[in-house]
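J.: Provided herewith: target28.cif, mmCIF, N, CA and C atoms.
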data_data
#
loop_
_atom_site.group_PDB
_atom_site.id
_atom_site.type_symbol
_atom_site.label_atom_id
_atom_site.label_comp_id
_atom_site.auth_asym_id
_atom_site.auth_seq_id
_atom_site.Cartn_x
_atom_site.Cartn_y
_atom_site.Cartn_z
ATOM 1 N N MET A 162 28.899 15.962 -24.522
ATOM 2 C CA MET A 162 28.469 17.265 -24.062
ATOM 3 C C MET A 162 27.244 17.157 -23.150
ATOM 4 N N ILE A 163 26.264 16.359 -23.575
ATOM 5 C CA ILE A 163 25.051 16.212 -22.766
ATOM 6 C C ILE A 163 25.376 15.517 -21.454
ATOM 7 N N ASP A 164 26.310 14.562 -21.467
ATOM 8 C CA ASP A 164 26.699 13.884 -20.233
ATOM 9 C C ASP A 164 27.326 14.862 -19.247
ATOM 10 N N ARG A 165 28.059 15.836 -19.740
ATOM 11 C CA ARG A 165 28.658 16.850 -18.873
ATOM 12 C C ARG A 165 27.591 17.691 -18.191
ATOM 13 N N ILE A 166 26.552 18.038 -18.947
ATOM 14 C CA ILE A 166 25.469 18.853 -18.394
ATOM 15 C C ILE A 166 24.721 18.072 -17.319
ATOM 16 N N ARG A 167 24.514 16.786 -17.529
ATOM 17 C CA ARG A 167 23.809 15.958 -16.548
ATOM 18 C C ARG A 167 24.585 15.850 -15.242
ATOM 19 N N ASN A 168 25.878 15.943 -15.309
ATOM 20 C CA ASN A 168 26.716 15.803 -14.119
ATOM 21 C C ASN A 168 26.892 17.103 -13.342
ATOM 22 N N LEU A 169 26.433 18.216 -13.874
ATOM 23 C CA LEU A 169 26.579 19.479 -13.177
ATOM 24 C C LEU A 169 25.770 19.469 -11.882
ATOM 25 N N LYS A 170 26.331 20.091 -10.874
ATOM 26 C CA LYS A 170 25.692 20.119 -9.563
ATOM 27 C C LYS A 170 24.331 20.805 -9.603
ATOM 28 N N ILE A 171 24.234 21.907 -10.318
ATOM 29 C CA ILE A 171 22.981 22.650 -10.370
ATOM 30 C C ILE A 171 21.892 21.846 -11.070
ATOM 31 N N VAL A 172 22.260 21.079 -12.081
ATOM 32 C CA VAL A 172 21.281 20.248 -12.779
ATOM 33 C C VAL A 172 20.765 19.167 -11.842
ATOM 34 N N LYS A 173 21.652 18.572 -11.062
ATOM 35 C CA LYS A 173 21.238 17.545 -10.096
ATOM 36 C C LYS A 173 20.324 18.142 -9.034
ATOM 37 N N GLN A 174 20.639 19.353 -8.573
ATOM 38 C CA GLN A 174 19.799 19.991 -7.566
ATOM 39 C C GLN A 174 18.417 20.314 -8.137
ATOM 40 N N LEU A 175 18.372 20.800 -9.359
ATOM 41 C CA LEU A 175 17.090 21.089 -9.994
ATOM 42 C C LEU A 175 16.265 19.813 -10.174
ATOM 43 N N LYS A 176 16.941 18.754 -10.558
ATOM 44 C CA LYS A 176 16.244 17.481 -10.749
ATOM 45 C C LYS A 176 15.644 17.007 -9.428
ATOM 46 N N ASP A 177 16.398 17.098 -8.339
ATOM 47 C CA ASP A 177 15.896 16.672 -7.029
ATOM 48 C C ASP A 177 14.760 17.567 -6.552
ATOM 49 N N ALA A 178 14.831 18.845 -6.850
ATOM 50 C CA ALA A 178 13.803 19.780 -6.397
ATOM 51 C C ALA A 178 12.519 19.665 -7.214
ATOM 52 N N ILE A 179 12.640 19.409 -8.482
ATOM 53 C CA ILE A 179 11.483 19.390 -9.364
ATOM 54 C C ILE A 179 10.813 18.017 -9.404
ATOM 55 N N SER A 180 11.539 16.973 -9.099
ATOM 56 C CA SER A 180 11.007 15.617 -9.204
ATOM 57 C C SER A 180 9.695 15.401 -8.442
ATOM 58 N N PRO A 181 9.587 15.795 -7.156
ATOM 59 C CA PRO A 181 8.299 15.599 -6.473
ATOM 60 C C PRO A 181 7.157 16.387 -7.112
ATOM 61 N N LYS A 182 7.455 17.589 -7.586
ATOM 62 C CA LYS A 182 6.420 18.397 -8.235
ATOM 63 C C LYS A 182 5.954 17.746 -9.531
ATOM 64 N N LEU A 183 6.898 17.209 -10.288
ATOM 65 C CA LEU A 183 6.525 16.541 -11.531
ATOM 66 C C LEU A 183 5.695 15.298 -11.271
ATOM 67 N N ARG A 184 6.072 14.546 -10.230
ATOM 68 C CA ARG A 184 5.272 13.367 -9.881
ATOM 69 C C ARG A 184 3.856 13.778 -9.526
ATOM 70 N N TRP A 185 3.738 14.871 -8.756
ATOM 71 C CA TRP A 185 2.407 15.331 -8.348
ATOM 72 C C TRP A 185 1.597 15.795 -9.554
ATOM 73 N N LEU A 186 2.203 16.597 -10.425
ATOM 74 C CA LEU A 186 1.484 17.088 -11.598
ATOM 75 C C LEU A 186 1.096 15.954 -12.534
ATOM 76 N N ASN A 187 1.982 14.991 -12.669
ATOM 77 C CA ASN A 187 1.682 13.837 -13.516
ATOM 78 C C ASN A 187 0.493 13.076 -12.962
ATOM 79 N N TYR A 188 0.451 12.911 -11.669
ATOM 80 C CA TYR A 188 -0.668 12.184 -11.086
ATOM 81 C C TYR A 188 -1.944 13.028 -11.061
ATOM 82 N N ALA A 189 -1.801 14.326 -10.853
ATOM 83 C CA ALA A 189 -2.976 15.202 -10.802
ATOM 84 C C ALA A 189 -3.717 15.196 -12.131
ATOM 85 N N ASN A 190 -3.000 14.969 -13.215
ATOM 86 C CA ASN A 190 -3.643 14.912 -14.528
ATOM 87 C C ASN A 190 -4.476 13.651 -14.697
ATOM 88 N N HIS A 191 -4.150 12.616 -13.937
ATOM 89 C CA HIS A 191 -4.936 11.381 -13.976
ATOM 90 C C HIS A 191 -5.988 11.470 -12.881
ATOM 91 N N SER A 192 -7.197 11.112 -13.204
ATOM 92 C CA SER A 192 -8.236 11.120 -12.176
ATOM 93 C C SER A 192 -8.394 9.693 -11.662
ATOM 94 N N ALA A 193 -7.727 9.398 -10.563
ATOM 95 C CA ALA A 193 -7.766 8.050 -10.004
ATOM 96 C C ALA A 193 -8.214 8.112 -8.551
ATOM 97 N N ASP A 194 -8.424 6.973 -7.992
ATOM 98 C CA ASP A 194 -8.838 6.849 -6.598
ATOM 99 C C ASP A 194 -7.691 7.277 -5.687
ATOM 100 N N LYS A 195 -7.939 8.249 -4.837
ATOM 101 C CA LYS A 195 -6.882 8.780 -3.992
ATOM 102 C C LYS A 195 -6.592 7.906 -2.780
ATOM 103 N N THR A 196 -7.321 6.832 -2.607
ATOM 104 C CA THR A 196 -7.022 5.908 -1.518
ATOM 105 C C THR A 196 -6.236 4.701 -2.017
ATOM 106 N N SER A 197 -5.929 4.672 -3.296
ATOM 107 C CA SER A 197 -5.249 3.515 -3.862
ATOM 108 C C SER A 197 -3.751 3.571 -3.591
ATOM 109 N N ALA A 198 -3.132 2.428 -3.711
ATOM 110 C CA ALA A 198 -1.681 2.327 -3.503
ATOM 111 C C ALA A 198 -0.917 3.091 -4.583
ATOM 112 N N GLU A 199 -1.469 3.128 -5.801
ATOM 113 C CA GLU A 199 -0.800 3.856 -6.877
ATOM 114 C C GLU A 199 -0.731 5.349 -6.570
ATOM 115 N N TYR A 200 -1.799 5.870 -6.003
ATOM 116 C CA TYR A 200 -1.828 7.289 -5.645
ATOM 117 C C TYR A 200 -0.752 7.596 -4.606
ATOM 118 N N ILE A 201 -0.697 6.798 -3.575
ATOM 119 C CA ILE A 201 0.279 7.019 -2.507
ATOM 120 C C ILE A 201 1.693 6.886 -3.043
ATOM 121 N N GLU A 202 1.908 5.893 -3.902
ATOM 122 C CA GLU A 202 3.233 5.703 -4.486
ATOM 123 C C GLU A 202 3.612 6.876 -5.378
ATOM 124 N N MET A 203 2.651 7.373 -6.156
ATOM 125 C CA MET A 203 2.933 8.472 -7.069
ATOM 126 C C MET A 203 3.261 9.751 -6.303
ATOM 127 N N VAL A 204 2.513 10.028 -5.254
ATOM 128 C CA VAL A 204 2.713 11.269 -4.511
ATOM 129 C C VAL A 204 3.961 11.205 -3.651
ATOM 130 N N SER A 205 4.175 10.083 -2.986
ATOM 131 C CA SER A 205 5.283 9.996 -2.040
ATOM 132 C C SER A 205 6.582 9.511 -2.661
ATOM 133 N N GLY A 206 6.477 8.756 -3.731
ATOM 134 C CA GLY A 206 7.678 8.194 -4.326
ATOM 135 C C GLY A 206 8.144 6.938 -3.620
ATOM 136 N N VAL A 207 7.375 6.456 -2.650
ATOM 137 C CA VAL A 207 7.730 5.258 -1.898
ATOM 138 C C VAL A 207 7.120 4.060 -2.604
ATOM 139 N N GLU A 208 7.926 3.036 -2.822
ATOM 140 C CA GLU A 208 7.457 1.867 -3.563
ATOM 141 C C GLU A 208 6.421 1.063 -2.804
ATOM 142 N N ASP A 209 6.706 0.713 -1.559
ATOM 143 C CA ASP A 209 5.793 -0.129 -0.804
ATOM 144 C C ASP A 209 5.641 0.426 0.597
ATOM 145 N N ILE A 210 4.439 0.643 1.004
ATOM 146 C CA ILE A 210 4.173 1.185 2.331
ATOM 147 C C ILE A 210 4.039 0.015 3.296
ATOM 148 N N GLN A 211 4.615 0.171 4.470
ATOM 149 C CA GLN A 211 4.670 -0.908 5.443
ATOM 150 C C GLN A 211 3.281 -1.438 5.801
ATOM 151 N N THR A 212 2.303 -0.555 5.975
ATOM 152 C CA THR A 212 0.971 -1.017 6.366
ATOM 153 C C THR A 212 0.336 -1.867 5.282
ATOM 154 N N ASN A 213 0.565 -1.513 4.016
ATOM 155 C CA ASN A 213 0.020 -2.316 2.925
ATOM 156 C C ASN A 213 0.661 -3.690 2.878
ATOM 157 N N SER A 214 1.968 -3.747 3.075
ATOM 158 C CA SER A 214 2.631 -5.046 3.040
ATOM 159 C C SER A 214 2.222 -5.891 4.238
ATOM 160 N N ASP A 215 2.008 -5.260 5.405
ATOM 161 C CA ASP A 215 1.537 -6.007 6.572
ATOM 162 C C ASP A 215 0.139 -6.563 6.333
ATOM 163 N N GLU A 216 -0.700 -5.766 5.715
ATOM 164 C CA GLU A 216 -2.067 -6.207 5.439
ATOM 165 C C GLU A 216 -2.083 -7.362 4.441
ATOM 166 N N ARG A 217 -1.248 -7.281 3.424
ATOM 167 C CA ARG A 217 -1.169 -8.376 2.446
ATOM 168 C C ARG A 217 -0.654 -9.654 3.101
ATOM 169 N N ARG A 218 0.321 -9.505 3.997
ATOM 170 C CA ARG A 218 0.852 -10.668 4.713
ATOM 171 C C ARG A 218 -0.227 -11.302 5.589
ATOM 172 N N LEU A 219 -1.000 -10.463 6.283
ATOM 173 C CA LEU A 219 -2.079 -10.957 7.129
ATOM 174 C C LEU A 219 -3.144 -11.667 6.289
ATOM 175 N N GLU A 220 -3.480 -11.093 5.143
ATOM 176 C CA GLU A 220 -4.464 -11.724 4.271
ATOM 177 C C GLU A 220 -3.959 -13.071 3.761
ATOM 178 N N ALA A 221 -2.685 -13.155 3.442
ATOM 179 C CA ALA A 221 -2.112 -14.436 3.000
ATOM 180 C C ALA A 221 -2.188 -15.469 4.120
ATOM 181 N N MET A 222 -1.957 -15.032 5.351
ATOM 182 C CA MET A 222 -2.056 -15.954 6.484
ATOM 183 C C MET A 222 -3.490 -16.418 6.681
ATOM 184 N N VAL A 223 -4.445 -15.521 6.522
ATOM 185 C CA VAL A 223 -5.859 -15.889 6.650
ATOM 186 C C VAL A 223 -6.239 -16.900 5.575
ATOM 187 N N ARG A 224 -5.819 -16.652 4.348
ATOM 188 C CA ARG A 224 -6.122 -17.576 3.255
ATOM 189 C C ARG A 224 -5.517 -18.954 3.524
ATOM 190 N N GLU A 225 -4.286 -18.972 3.993
ATOM 191 C CA GLU A 225 -3.617 -20.239 4.284
ATOM 192 C C GLU A 225 -4.342 -20.998 5.398
ATOM 193 N N GLN A 226 -4.745 -20.277 6.433
ATOM 194 C CA GLN A 226 -5.437 -20.908 7.554
ATOM 195 C C GLN A 226 -6.797 -21.469 7.120
ATOM 196 N N LEU A 227 -7.521 -20.719 6.295
ATOM 197 C CA LEU A 227 -8.809 -21.215 5.805
ATOM 198 C C LEU A 227 -8.642 -22.466 4.950
ATOM 199 N N LYS A 228 -7.634 -22.479 4.096
ATOM 200 C CA LYS A 228 -7.381 -23.651 3.263
ATOM 201 C C LYS A 228 -7.007 -24.857 4.118
ATOM 202 N N GLU A 229 -6.283 -24.592 5.190
ATOM 203 C CA GLU A 229 -5.863 -25.667 6.078
ATOM 204 C C GLU A 229 -7.056 -26.250 6.842
ATOM 205 N N GLU A 230 -7.928 -25.391 7.331
ATOM 206 C CA GLU A 230 -9.062 -25.847 8.120
ATOM 207 C C GLU A 230 -10.196 -26.407 7.262
ATOM 208 N N PHE A 231 -10.367 -25.854 6.071
ATOM 209 C CA PHE A 231 -11.451 -26.288 5.183
ATOM 210 C C PHE A 231 -10.870 -26.626 3.818
ATOM 211 N N PRO A 232 -10.592 -27.902 3.576
ATOM 212 C CA PRO A 232 -10.000 -28.287 2.280
ATOM 213 C C PRO A 232 -10.909 -27.905 1.110
ATOM 214 N N ASN A 233 -10.315 -27.489 0.026
ATOM 215 C CA ASN A 233 -10.994 -27.105 -1.220
ATOM 216 C C ASN A 233 -11.953 -25.928 -1.062
ATOM 217 N N ILE A 234 -11.769 -25.123 -0.041
ATOM 218 C CA ILE A 234 -12.652 -23.959 0.137
ATOM 219 C C ILE A 234 -12.352 -22.868 -0.890
ATOM 220 N N GLU A 235 -11.122 -22.839 -1.385
ATOM 221 C CA GLU A 235 -10.756 -21.787 -2.345
ATOM 222 C C GLU A 235 -11.504 -21.930 -3.669
ATOM 223 N N ASN A 236 -12.099 -23.100 -3.916
ATOM 224 C CA ASN A 236 -12.863 -23.314 -5.143
ATOM 225 C C ASN A 236 -14.321 -22.878 -5.013
ATOM 226 N N MET A 237 -14.751 -22.544 -3.807
ATOM 227 C CA MET A 237 -16.147 -22.164 -3.585
ATOM 228 C C MET A 237 -16.363 -20.695 -3.951
ATOM 229 N N LYS A 238 -17.595 -20.365 -4.301
ATOM 230 C CA LYS A 238 -17.926 -18.999 -4.701
ATOM 231 C C LYS A 238 -17.796 -18.009 -3.542
ATOM 232 N N SER A 239 -18.064 -18.467 -2.339
ATOM 233 C CA SER A 239 -18.070 -17.562 -1.189
ATOM 234 C C SER A 239 -16.697 -17.405 -0.534
ATOM 235 N N TYR A 240 -15.665 -17.973 -1.132
ATOM 236 C CA TYR A 240 -14.323 -17.929 -0.532
ATOM 237 C C TYR A 240 -13.823 -16.494 -0.355
ATOM 238 N N GLU A 241 -13.937 -15.688 -1.389
ATOM 239 C CA GLU A 241 -13.461 -14.303 -1.305
ATOM 240 C C GLU A 241 -14.249 -13.507 -0.265
ATOM 241 N N LEU A 242 -15.558 -13.754 -0.204
ATOM 242 C CA LEU A 242 -16.376 -13.070 0.795
ATOM 243 C C LEU A 242 -15.971 -13.476 2.209
ATOM 244 N N LEU A 243 -15.652 -14.734 2.386
ATOM 245 C CA LEU A 243 -15.212 -15.226 3.687
ATOM 246 C C LEU A 243 -13.879 -14.597 4.088
ATOM 247 N N VAL A 244 -12.957 -14.514 3.149
ATOM 248 C CA VAL A 244 -11.662 -13.878 3.423
ATOM 249 C C VAL A 244 -11.871 -12.414 3.797
ATOM 250 N N ASP A 245 -12.724 -11.725 3.059
ATOM 251 C CA ASP A 245 -13.007 -10.326 3.352
ATOM 252 C C ASP A 245 -13.635 -10.156 4.735
ATOM 253 N N ALA A 246 -14.548 -11.065 5.094
ATOM 254 C CA ALA A 246 -15.208 -10.986 6.397
ATOM 255 C C ALA A 246 -14.210 -11.211 7.531
ATOM 256 N N VAL A 247 -13.331 -12.170 7.366
ATOM 257 C CA VAL A 247 -12.325 -12.440 8.401
ATOM 258 C C VAL A 247 -11.388 -11.245 8.540
ATOM 259 N N MET A 248 -10.955 -10.689 7.414
ATOM 260 C CA MET A 248 -10.070 -9.515 7.463
ATOM 261 C C MET A 248 -10.784 -8.338 8.127
ATOM 262 N N HIS A 249 -12.049 -8.151 7.812
ATOM 263 C CA HIS A 249 -12.817 -7.068 8.416
ATOM 264 C C HIS A 249 -12.890 -7.241 9.928
ATOM 265 N N ASN A 250 -13.181 -8.449 10.382
ATOM 266 C CA ASN A 250 -13.269 -8.711 11.822
ATOM 267 C C ASN A 250 -11.928 -8.486 12.517
ATOM 268 N N LEU A 251 -10.841 -8.904 11.877
ATOM 269 C CA LEU A 251 -9.521 -8.694 12.474
ATOM 270 C C LEU A 251 -9.193 -7.204 12.598
ATOM 271 N N LYS A 252 -9.489 -6.445 11.554
ATOM 272 C CA LYS A 252 -9.231 -5.001 11.588
ATOM 273 C C LYS A 252 -10.115 -4.313 12.628
ATOM 274 N N LYS A 253 -11.356 -4.755 12.729
ATOM 275 C CA LYS A 253 -12.282 -4.181 13.694
ATOM 276 C C LYS A 253 -11.783 -4.422 15.119
ATOM 277 N N LYS A 254 -11.329 -5.634 15.396
ATOM 278 C CA LYS A 254 -10.799 -5.955 16.728
ATOM 279 C C LYS A 254 -9.528 -5.157 17.008
ATOM 280 N N GLN A 255 -8.718 -4.975 15.998
ATOM 281 C CA GLN A 255 -7.490 -4.194 16.175
ATOM 282 C C GLN A 255 -7.820 -2.743 16.498
ATOM 283 N N LEU A 256 -8.802 -2.173 15.813
ATOM 284 C CA LEU A 256 -9.211 -0.802 16.095
ATOM 285 C C LEU A 256 -9.818 -0.671 17.488
ATOM 286 N N GLN A 257 -10.602 -1.645 17.889
ATOM 287 C CA GLN A 257 -11.178 -1.618 19.229
ATOM 288 C C GLN A 257 -10.083 -1.702 20.286
ATOM 289 N N ALA A 258 -9.075 -2.506 20.041
ATOM 290 C CA ALA A 258 -7.971 -2.630 20.996
ATOM 291 C C ALA A 258 -7.191 -1.329 21.109
ATOM 292 N N THR A 259 -7.009 -0.632 19.988
ATOM 293 C CA THR A 259 -6.271 0.635 20.051
ATOM 294 C C THR A 259 -7.122 1.744 20.655
ATOM 295 N N ASP A 260 -8.453 1.661 20.496
ATOM 296 C CA ASP A 260 -9.330 2.663 21.110
ATOM 297 C C ASP A 260 -9.330 2.540 22.631
ATOM 298 N N ASN A 261 -9.235 1.327 23.128
ATOM 299 C CA ASN A 261 -9.244 1.105 24.577
ATOM 300 C C ASN A 261 -7.888 1.385 25.220
ATOM 301 N N TYR A 262 -6.847 1.494 24.402
ATOM 302 C CA TYR A 262 -5.508 1.740 24.927
ATOM 303 C C TYR A 262 -5.357 3.213 25.272
ATOM 304 N N LYS A 263 -4.878 3.490 26.471
ATOM 305 C CA LYS A 263 -4.712 4.883 26.913
ATOM 306 C C LYS A 263 -3.232 5.269 26.764
ATOM 307 N N PHE A 264 -3.009 6.254 25.945
ATOM 308 C CA PHE A 264 -1.657 6.742 25.729
ATOM 309 C C PHE A 264 -1.305 7.727 26.849
ATOM 310 N N GLU A 265 -0.127 7.547 27.395
ATOM 311 C CA GLU A 265 0.295 8.442 28.504
ATOM 312 C C GLU A 265 1.532 9.209 28.130
#
Could you rewrite the structure in this file as structure tokens?

T.:
Amino acid sequence: MIDRIRNLKIVKQLKDAISPKLRWLNYANHSADKTSAEYIEMVSGVEDIQTNSDERRLEAMVREQLKEEFPNIENMKSYELLVDAVMHNLKKKQLQATDNYKFE
């Protein structure tokens, strides 16, 4: 009987219509950082955002390049700070390049 109710068209439509609202209310009850990936995933329902995956890929490339150029650097205390600084510089240059680009 319950399986029949789940298969009804109106129940499916209600589920699709209410689902985003429920996700929003569920997240609104939690007080979390609104710039986090969990927030974006909860509100949008999208598992992985392209910009986040691109950034993670770029960070992995930076880490690999640093390890290649400086052996055993990952064991040093300043390794994470160095990775952060390189990522910051790359993002800064990317923003400067887009600021100088004139859209027509």

J.: May I ask which of the residues A:Asn250, A:Ser205, A:Ser239, A:Gln255 is the closest one to A:Trp185, counting all atoms listed in the file?

T.: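 Result for the nearest residue to A:Trp185: A:Ser205.
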
J.: May I ask for the distance between atom CA of A:Thr212 and atom CA of A:Asn187, given in Å to one decimal place?

T.: 24.8 Å

J.: Using Å and a single decimal, report how far atom CA of A:Val247 sits from atom CA of A:Lys228.

T.: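 About the pair atom CA of A:Lys228 and atom CA of A:Val247: they are 13.3 Å apart.
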
J.: I'd like the interatomic distance between atom CA of A:Lys254 and atom CA of A:Glu202, to a tenth of an Å.

T.: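 Computed distance, atom CA of A:Lys254 to atom CA of A:Glu202, equals 28.0 Å.
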